[in-house]
>>> print(open('entry.txt').read())   # compact mmCIF, C-alpha atoms
# COMPACT_ATOMS: atom_id res chain seq x y z
CA MET A 236 26.59 -13.06 64.45
CA SER A 237 26.66 -9.93 62.28
CA LYS A 238 23.73 -7.54 62.51
CA ASN A 239 21.23 -7.68 59.63
CA TRP A 240 21.22 -4.67 57.33
CA SER A 241 18.29 -2.30 57.55
CA ARG A 242 15.95 -1.88 54.59
CA THR A 243 17.41 1.57 53.89
CA ASN A 244 20.97 0.24 53.80
CA LYS A 245 19.91 -2.54 51.44
CA ILE A 246 18.36 0.00 49.07
CA TYR A 247 21.47 2.21 49.16
CA ILE A 248 23.80 -0.71 48.53
CA SER A 249 21.59 -2.01 45.71
CA ILE A 250 21.63 1.40 44.01
CA LEU A 251 25.41 1.67 44.36
CA LEU A 252 25.90 -1.83 42.99
CA PHE A 253 23.62 -1.04 40.03
CA ILE A 254 25.60 2.14 39.24
CA PHE A 255 28.85 0.23 39.59
CA GLY A 256 27.54 -2.49 37.28
CA VAL A 257 26.54 0.05 34.62
CA TRP A 258 30.00 1.65 34.85
CA VAL A 259 31.76 -1.70 34.50
CA PHE A 260 29.53 -2.62 31.55
CA SER A 261 30.40 0.66 29.80
CA LEU A 262 34.09 -0.20 30.17
CA ILE A 263 33.89 -3.76 28.88
CA LYS A 264 30.96 -3.53 26.43
CA GLY A 265 33.37 -4.08 23.52
CA MET A 266 34.20 -7.50 24.97
CA ILE A 267 30.59 -8.60 25.48
CA ALA A 268 29.97 -9.83 21.93
CA PRO A 269 33.19 -11.91 21.65
CA LEU A 270 32.61 -13.46 25.08
CA VAL A 271 28.99 -14.27 24.21
CA ILE A 272 30.14 -15.87 20.95
CA ALA A 273 32.72 -17.91 22.84
CA ALA A 274 30.12 -19.02 25.41
CA LEU A 275 27.68 -20.05 22.68
CA LEU A 276 30.35 -22.02 20.81
CA ALA A 277 31.43 -23.78 24.01
CA TYR A 278 27.79 -24.53 24.83
CA LEU A 279 27.24 -26.06 21.38
CA LEU A 280 30.46 -28.10 21.48
CA ASN A 281 30.01 -29.41 25.02
CA PRO A 282 27.57 -32.24 24.07
CA LEU A 283 30.13 -33.53 21.56
CA VAL A 284 32.75 -33.63 24.31
CA ASN A 285 30.39 -35.51 26.62
CA ARG A 286 29.47 -38.05 23.95
CA LEU A 287 33.10 -38.61 23.03
CA LYS A 288 33.95 -39.24 26.69
CA LYS A 289 31.01 -41.61 27.02
CA TYR A 290 31.87 -43.79 24.01
CA THR A 291 35.67 -43.67 24.13
CA ARG A 292 36.29 -43.17 27.89
CA LEU A 293 38.87 -40.53 27.07
CA ASP A 294 40.09 -38.17 29.76
CA HIS A 295 38.12 -34.89 29.83
CA VAL A 296 41.04 -32.74 28.69
CA TRP A 297 41.87 -35.12 25.83
CA ALA A 298 38.24 -35.20 24.69
CA VAL A 299 38.06 -31.41 24.77
CA SER A 300 41.32 -31.11 22.82
CA LEU A 301 40.12 -33.49 20.10
CA VAL A 302 36.72 -31.83 19.65
CA TYR A 303 38.30 -28.37 19.79
CA SER A 304 40.90 -29.27 17.13
CA LEU A 305 38.24 -30.61 14.77
CA PHE A 306 36.15 -27.48 15.34
CA VAL A 307 39.06 -25.15 14.51
CA LEU A 308 39.87 -27.19 11.39
CA ALA A 309 36.24 -27.01 10.21
CA LEU A 310 36.10 -23.27 10.94
CA VAL A 311 39.24 -22.54 8.92
CA THR A 312 37.95 -24.66 6.03
CA VAL A 313 34.65 -22.78 5.92
CA LEU A 314 36.31 -19.36 6.14
CA LEU A 315 38.73 -20.15 3.33
CA ASN A 316 36.28 -21.79 0.94
CA PHE A 317 32.62 -21.03 1.61
CA VAL A 318 32.76 -17.36 2.66
CA PRO A 319 34.47 -16.04 -0.54
CA LEU A 320 32.02 -18.05 -2.68
CA VAL A 321 28.99 -16.58 -0.91
CA ALA A 322 30.45 -13.06 -1.12
CA ARG A 323 30.92 -13.40 -4.89
CA GLN A 324 27.38 -14.69 -5.35
CA ALA A 325 26.03 -11.88 -3.17
CA GLN A 326 27.73 -9.36 -5.46
CA THR A 327 26.25 -11.13 -8.48
CA LEU A 328 22.77 -11.04 -6.96
CA THR A 329 23.09 -7.33 -6.19
CA THR A 330 24.05 -6.64 -9.80
CA GLU A 331 21.23 -8.82 -11.12
CA LEU A 332 18.64 -7.07 -8.93
CA HIS A 333 19.69 -3.73 -10.36
CA LEU A 334 19.31 -5.11 -13.91
CA ILE A 335 16.05 -6.91 -13.17
CA GLY A 336 14.45 -3.88 -11.53
CA PRO A 337 13.37 -1.99 -14.67
CA ARG A 338 12.08 -5.19 -16.31
CA LEU A 339 10.08 -6.12 -13.21
CA GLU A 340 8.63 -2.62 -12.99
CA ALA A 341 7.66 -2.71 -16.68
CA ASP A 342 5.92 -6.08 -16.31
CA ILE A 343 3.93 -4.96 -13.28
CA GLU A 344 2.92 -1.70 -15.00
CA THR A 345 1.78 -3.69 -18.07
CA ILE A 346 -0.42 -5.89 -15.90
CA ALA A 347 -1.75 -2.83 -14.04
CA ARG A 348 -2.72 -1.10 -17.30
CA ARG A 349 -4.76 -4.14 -18.34
CA PHE A 350 -6.86 -3.68 -15.22
CA ASP A 351 -6.81 0.14 -15.52
CA ILE A 352 -4.80 0.56 -12.30
CA GLN A 353 -2.25 3.33 -11.76
CA VAL A 354 0.91 2.02 -10.09
CA ASP A 355 4.05 4.01 -9.32
CA LEU A 356 6.71 1.52 -8.22
CA GLN A 357 9.75 3.73 -8.58
CA PRO A 358 9.90 4.90 -4.93
CA ILE A 359 9.41 1.31 -3.70
CA TRP A 360 12.01 -0.05 -6.09
CA ASP A 361 14.52 2.64 -5.10
CA GLU A 362 14.12 1.57 -1.47
CA ILE A 363 14.55 -2.11 -2.38
CA GLN A 364 17.66 -1.40 -4.44
CA SER A 365 19.14 0.75 -1.68
CA ALA A 366 18.43 -1.93 0.93
CA SER A 367 19.78 -4.74 -1.24
CA SER A 368 22.91 -2.79 -2.06
CA GLY A 369 23.60 -2.20 1.60
CA LEU A 370 22.69 -5.71 2.73
CA LEU A 371 24.34 -7.73 -0.03
CA ASN A 372 27.29 -5.52 -0.84
CA PRO A 373 30.35 -7.79 -0.59
CA ASP A 374 32.40 -4.98 0.94
CA ARG A 375 29.94 -4.83 3.81
CA VAL A 376 29.87 -8.62 4.05
CA PHE A 377 33.65 -8.77 4.30
CA ARG A 378 33.69 -5.92 6.83
CA MET A 379 31.18 -7.76 9.02
CA ILE A 380 33.10 -11.01 8.73
CA ARG A 381 36.40 -9.29 9.44
CA SER A 382 35.08 -7.36 12.44
CA ALA A 383 33.24 -10.38 13.89
CA SER A 384 35.59 -13.27 13.31
CA THR A 385 38.80 -12.60 11.42
CA ASN A 386 40.24 -9.83 13.50
CA LEU A 387 43.27 -11.57 14.94
CA GLY A 388 42.99 -10.25 18.47
CA TRP A 389 39.30 -11.02 18.98
CA MET A 390 39.62 -14.35 17.18
CA LEU A 391 42.33 -15.43 19.62
CA ILE A 392 40.24 -14.29 22.59
CA ILE A 393 37.21 -16.21 21.32
CA LEU A 394 39.14 -19.40 20.58
CA VAL A 395 41.07 -19.39 23.85
CA THR A 396 37.88 -18.65 25.83
CA VAL A 397 36.05 -21.51 24.09
CA TYR A 398 38.80 -23.94 25.04
CA TYR A 399 38.92 -22.95 28.69
CA LEU A 400 35.13 -22.92 29.01
CA LEU A 401 35.04 -26.48 27.67
CA VAL A 402 37.78 -27.59 30.05
CA ASP A 403 36.65 -25.79 33.22
CA TRP A 404 32.90 -25.30 32.84
CA VAL A 405 32.00 -27.71 35.67
CA ARG A 406 34.31 -25.92 38.12
CA LEU A 407 33.08 -22.52 36.93
CA ARG A 408 29.46 -23.60 37.42
CA GLU A 409 30.13 -24.83 40.97
CA TRP A 410 31.93 -21.57 41.74
CA ILE A 411 28.85 -19.62 40.62
CA PHE A 412 26.61 -21.78 42.81
CA GLY A 413 29.00 -21.13 45.70
CA LEU A 414 28.30 -17.38 45.43
CA PHE A 415 24.78 -18.04 46.75
CA SER A 416 24.18 -18.53 50.43
CA PRO A 417 23.61 -22.21 51.42
CA ASP A 418 19.88 -21.61 51.94
CA TYR A 419 19.46 -20.58 48.29
CA GLN A 420 21.87 -22.91 46.50
CA GLY A 421 19.09 -25.47 45.98
CA ASP A 422 16.97 -22.82 44.24
CA ALA A 423 19.93 -21.75 42.14
CA ARG A 424 20.57 -25.31 40.96
CA ARG A 425 16.88 -25.83 40.16
CA LEU A 426 16.79 -22.60 38.13
CA HIS A 427 19.96 -23.70 36.34
CA VAL A 428 18.31 -26.97 35.27
CA GLU A 429 15.13 -25.24 34.04
CA ILE A 430 17.06 -22.57 32.13
CA LYS A 431 19.42 -25.17 30.67
CA VAL A 432 16.43 -27.05 29.24
CA VAL A 433 15.20 -23.85 27.58
CA TRP A 434 18.54 -23.01 25.98
CA ALA A 435 19.09 -26.58 24.82
CA ALA A 436 15.60 -26.75 23.32
CA TYR A 437 15.81 -23.43 21.50
CA LEU A 438 19.41 -22.58 20.70
CA ARG A 439 20.67 -25.96 19.55
CA GLY A 440 17.32 -26.66 17.95
CA GLN A 441 17.20 -23.35 16.07
CA LEU A 442 20.78 -23.63 14.84
CA THR A 443 20.10 -27.20 13.70
CA LEU A 444 16.98 -26.06 11.83
CA MET A 445 18.85 -23.17 10.21
CA LEU A 446 21.62 -25.53 9.11
CA ILE A 447 19.22 -28.13 7.68
CA VAL A 448 17.06 -25.53 5.91
CA GLY A 449 20.15 -23.83 4.48
CA ILE A 450 21.62 -27.08 3.16
CA LEU A 451 18.31 -28.29 1.70
CA SER A 452 17.68 -24.89 0.08
CA GLY A 453 21.18 -24.69 -1.41
CA ILE A 454 21.12 -28.25 -2.75
CA GLY A 455 17.55 -27.84 -4.01
CA ALA A 456 18.35 -24.57 -5.76
CA ALA A 457 21.40 -26.13 -7.41
CA SER A 458 19.38 -29.19 -8.51
CA ILE A 459 16.92 -27.05 -10.52
CA GLY A 460 19.64 -24.77 -11.89
CA LEU A 461 18.67 -21.66 -9.91
CA PRO A 462 21.58 -19.18 -10.18
CA MET A 463 23.57 -18.36 -7.01
CA ALA A 464 22.46 -21.53 -5.23
CA ALA A 465 25.05 -21.26 -2.44
CA PHE A 466 23.90 -17.75 -1.58
CA PHE A 467 20.25 -18.82 -1.51
CA GLY A 468 21.20 -21.63 0.85
CA LEU A 469 22.87 -19.15 3.20
CA LEU A 470 19.99 -16.68 2.85
CA ALA A 471 17.34 -19.34 3.58
CA GLY A 472 19.25 -20.67 6.59
CA THR A 473 19.91 -17.22 8.05
CA LEU A 474 16.41 -15.81 7.54
CA ASP A 475 14.87 -18.97 8.98
CA LEU A 476 15.61 -17.28 12.31
CA ILE A 477 12.60 -14.98 11.66
CA PRO A 478 9.35 -17.01 11.68
CA SER A 479 7.14 -16.66 8.56
CA PHE A 480 8.73 -13.40 7.39
CA GLY A 481 12.21 -14.83 6.70
CA PRO A 482 11.14 -17.75 4.46
CA THR A 483 8.77 -15.40 2.59
CA VAL A 484 11.59 -12.98 1.76
CA THR A 485 13.82 -15.84 0.59
CA LEU A 486 11.05 -17.22 -1.63
CA LEU A 487 10.31 -13.78 -3.11
CA VAL A 488 13.95 -13.14 -4.06
CA ALA A 489 14.31 -16.67 -5.48
CA VAL A 490 11.13 -16.28 -7.57
CA ILE A 491 12.35 -12.96 -9.03
CA VAL A 492 15.70 -14.49 -10.01
CA ALA A 493 14.04 -17.61 -11.44
CA TRP A 494 11.54 -15.59 -13.50
CA PHE A 495 14.09 -13.29 -15.11
CA LYS A 496 17.27 -15.41 -15.24
CA GLY A 497 16.01 -18.93 -15.89
CA SER A 498 17.75 -22.20 -15.15
CA SER A 499 21.50 -22.61 -15.55
CA TYR A 500 21.21 -26.03 -17.22
CA LEU A 501 17.60 -27.32 -17.29
CA ALA A 502 15.90 -26.93 -20.69
CA ILE A 503 12.70 -25.42 -19.29
CA SER A 504 11.05 -22.04 -19.57
CA ASN A 505 11.45 -19.36 -16.93
CA LEU A 506 7.79 -19.85 -16.00
CA TRP A 507 8.30 -23.52 -15.16
CA LEU A 508 11.49 -22.73 -13.26
CA THR A 509 9.51 -20.20 -11.21
CA VAL A 510 6.89 -22.85 -10.47
CA LEU A 511 9.62 -25.33 -9.46
CA THR A 512 11.18 -22.67 -7.22
CA VAL A 513 7.88 -22.02 -5.42
CA VAL A 514 7.26 -25.76 -4.99
CA LEU A 515 10.82 -26.38 -3.75
CA PHE A 516 10.99 -23.65 -1.10
CA SER A 517 7.38 -24.28 -0.01
CA ALA A 518 8.11 -28.01 0.40
CA ILE A 519 11.16 -27.22 2.54
CA GLN A 520 9.04 -24.98 4.79
CA VAL A 521 6.33 -27.64 5.12
CA LEU A 522 9.00 -30.21 6.00
CA GLU A 523 10.44 -27.88 8.63
CA ASN A 524 7.11 -26.90 10.20
CA VAL A 525 5.48 -30.34 10.17
CA VAL A 526 8.40 -32.72 10.74
CA LEU A 527 11.68 -31.06 11.70
CA GLN A 528 10.53 -28.39 14.15
CA PRO A 529 8.40 -30.68 16.38
CA TYR A 530 11.10 -33.37 16.32
CA ILE A 531 14.12 -31.11 16.97
CA MET A 532 12.55 -28.51 19.25
CA GLY A 533 10.28 -30.94 21.03
CA ARG A 534 7.59 -29.52 23.28
CA ARG A 535 9.84 -28.25 26.04
CA LEU A 536 9.91 -24.64 24.80
CA LYS A 537 6.43 -23.35 25.54
CA ILE A 538 6.37 -19.86 24.07
CA HIS A 539 3.87 -18.20 21.76
CA PRO A 540 5.04 -17.75 18.13
CA GLY A 541 4.04 -14.08 18.34
CA VAL A 542 6.50 -13.53 21.18
CA VAL A 543 9.24 -15.20 19.10
CA PHE A 544 8.49 -12.99 16.10
CA ILE A 545 8.37 -9.72 18.05
CA SER A 546 11.51 -10.55 20.04
CA VAL A 547 13.59 -11.52 16.99
CA VAL A 548 12.43 -8.63 14.80
CA GLY A 549 12.98 -6.20 17.67
CA ALA A 550 16.54 -7.48 18.14
CA LEU A 551 17.25 -7.21 14.41
CA THR A 552 15.86 -3.67 14.42
CA LEU A 553 18.49 -2.81 17.01
CA GLY A 554 21.06 -4.06 14.48
CA SER A 555 22.36 -7.18 16.21
CA ALA A 556 22.02 -10.65 14.67
CA LEU A 557 23.74 -12.09 17.76
CA ILE A 558 21.04 -10.67 20.04
CA ALA A 559 18.37 -11.96 17.64
CA LEU A 560 19.79 -15.46 18.03
CA ILE A 561 19.73 -15.47 21.84
CA ILE A 562 16.81 -13.13 22.57
CA VAL A 563 14.12 -15.85 22.73
CA PRO A 564 15.86 -18.16 25.27
CA THR A 565 16.89 -15.04 27.20
CA VAL A 566 13.27 -13.86 27.44
CA VAL A 567 12.11 -17.32 28.55
CA SER A 568 14.96 -17.54 31.07
CA LEU A 569 13.98 -14.17 32.57
CA SER A 570 10.38 -15.33 32.82
CA ILE A 571 11.53 -18.45 34.71
CA ILE A 572 13.63 -16.36 37.12
CA GLY A 573 10.77 -13.88 37.58
CA ARG A 574 8.33 -16.68 38.33
>>> encode(input="entry.txt", output="structure tokens")
Amino acid sequence: MSKNWSRTNKIYISILLFIFGVWVFSLIKGMIAPLVIAALLAYLLNPLVNRLKKYTRLDHVWAVSLVYSLFVLALVTVLLNFVPLVARQAQTLTTELHLIGPRLEADIETIARRFDIQVDLQPIWDEIQSASSGLLNPDRVFRMIRSASTNLGWMLIILVTVYYLLVDWVRLREWIFGLFSPDYQGDARRLHVEIKVVWAAYLRGQLTLMLIVGILSGIGAASIGLPMAAFFGLLAGTLDLIPSFGPTVTLLVAVIVAWFKGSSYLAISNLWLTVLTVVLFSAIQVLENVVLQPYIMGRRLKIHPGVVFISVVGALTLGSALIALIIVPTVVSLSIIGR
């Protein structure tokens, strides 16, 4: 039997391991985001593999290969068709916001004069224009897309990692459990089950909600003739990640465009199009909050909405949409481990 380490030795070793971990992280931090993306994609595709095996009784490798091939085909289709369309509409929206700005400022000043109120909107509008130019500039969009997904080297790493995670996840999971001493493997497996429930409830649920809200918003905007419908679908789906604030921003931008641009084909006034826009996006939010969210998320994720809001906004403030997507299940997972 080996002699147990003293408390002092444990502290020294823990400090050295922490320093070593920080050093390793500094060396590989450029690989963290691609590996996280690969892990998330494999996690989302794994239920499809399991269902395919269940209903077709295919071998695991064959099921993975089929699902993986369909995923790559869908990804290439989206990149070649949808991304350029959204980029063009984003450029159009940026241009329109610059043109609409003076008219919007004039209308608000006219209303303010009627009530004898002094309003200076120029500083606010300059900030909005600067933010919109930076956020919606197609050059920036393409740079983000290129750096995140179309760079050949990282794309290959992500795709290869996704495939091998799908094929070997069970063996990898058992290897991780084997790192724990036998006395603690039961605890490790129990924590794995509890954390898995959290990630399944939030991550798959949130991505499903974002997809549904984006599709409904895009189709709805196109049905009433709102210009740049595809972009509004993407904007609504993406900003749905931020509770309350995201849908409000989408609605505000859509109302401005509807008020000043009008419908592309409906013979109605800009006022009625604005009313239709408010009704449409409000109805989608009611549908999400009352029907979709309880059904998709279920009641397994017990976390206060304020914690969700602060966590997501804090992650976005740090400049990472990827962290914003995983921050909530990460916080809940840490709370489970801490408990």
>>> atom_distance(input="entry.txt", atom1="CA of Lys289 (chain A)", atom2="CA of Tyr303 (chain A)")
16.8 Å
>>> residues_around(input="entry.txt", residues="Ser570 (chain A)", least_positions_apart="5", cutoff="10 Å", atoms="all atoms listed in the file", output="PDB file with C-alpha atoms, in the frame of the given file")
ATOM      1  CA  ILE A 430      17.060 -22.570  32.130  1.00  0.00           C
ATOM      2  CA  PRO A 564      15.860 -18.160  25.270  1.00  0.00           C
ATOM      3  CA  THR A 565      16.890 -15.040  27.200  1.00  0.00           C
TER       4      THR A 565
END
>>> residues_around(input="entry.txt", residues="region 291-301 of chain A", least_positions_apart="5", cutoff="8 Å", atoms="all atoms listed in the file", output="VMD selection string")
chain A and resid 284 398 401 to 402
>>> residues_around(input="entry.txt", residues="region 270-279 of chain A", least_positions_apart="3", cutoff="7 Å", atoms="all atoms listed in the file", output="list in words")
Met266, Ile267, Pro282, Ile393, Leu394, Thr396, Val397, Leu400, Leu401 and Arg439 of chain A
>>> atom_distance(input="entry.txt", atom1="CA of Lys431 (chain A)", atom2="CA of Val543 (chain A)")
18.4 Å
>>> closest_atom_pairs(input="entry.txt", of="region 397-473 of chain A", to="region 495-506 of chain A", cutoff="12 Å", atoms="only C-alpha atoms", output="CSV")
residue,atom,partner,partner_atom,distance
A:Ala456,CA,A:Ser498,CA,9.7
A:Ala457,CA,A:Ser499,CA,8.9
A:Ser458,CA,A:Leu501,CA,9.2
A:Ile459,CA,A:Ser498,CA,6.8
A:Gly460,CA,A:Ser498,CA,4.6
A:Leu461,CA,A:Ser498,CA,5.3
A:Pro462,CA,A:Ser499,CA,6.4
A:Met463,CA,A:Ser499,CA,9.8
A:Ala464,CA,A:Ser499,CA,10.4
>>> residues_around(input="entry.txt", residues="Phe466 (chain A)", least_positions_apart="4", cutoff="9 Å", atoms="all atoms listed in the file", output="compact mmCIF listing (two decimals) with C-alpha atoms, in the frame of the given file")
# COMPACT_ATOMS: atom_id res chain seq x y z
CA LEU A 320 32.02 -18.05 -2.68
CA VAL A 321 28.99 -16.58 -0.91
CA ALA A 322 30.45 -13.06 -1.12
CA ARG A 323 30.92 -13.40 -4.89
CA GLN A 324 27.38 -14.69 -5.35
CA ALA A 325 26.03 -11.88 -3.17
CA LEU A 328 22.77 -11.04 -6.96
CA GLY A 453 21.18 -24.69 -1.41
CA LEU A 470 19.99 -16.68 2.85
CA ALA A 471 17.34 -19.34 3.58
>>> residues_around(input="entry.txt", residues="region 440-442 of chain A", least_positions_apart="3", cutoff="7 Å", atoms="all atoms listed in the file", output="ChimeraX atom specification")
/A:436-437,445-446,531-532
>>> atom_distance(input="entry.txt", atom1="CA of Leu287 (chain A)", atom2="CA of Ile450 (chain A)")
25.7 Å
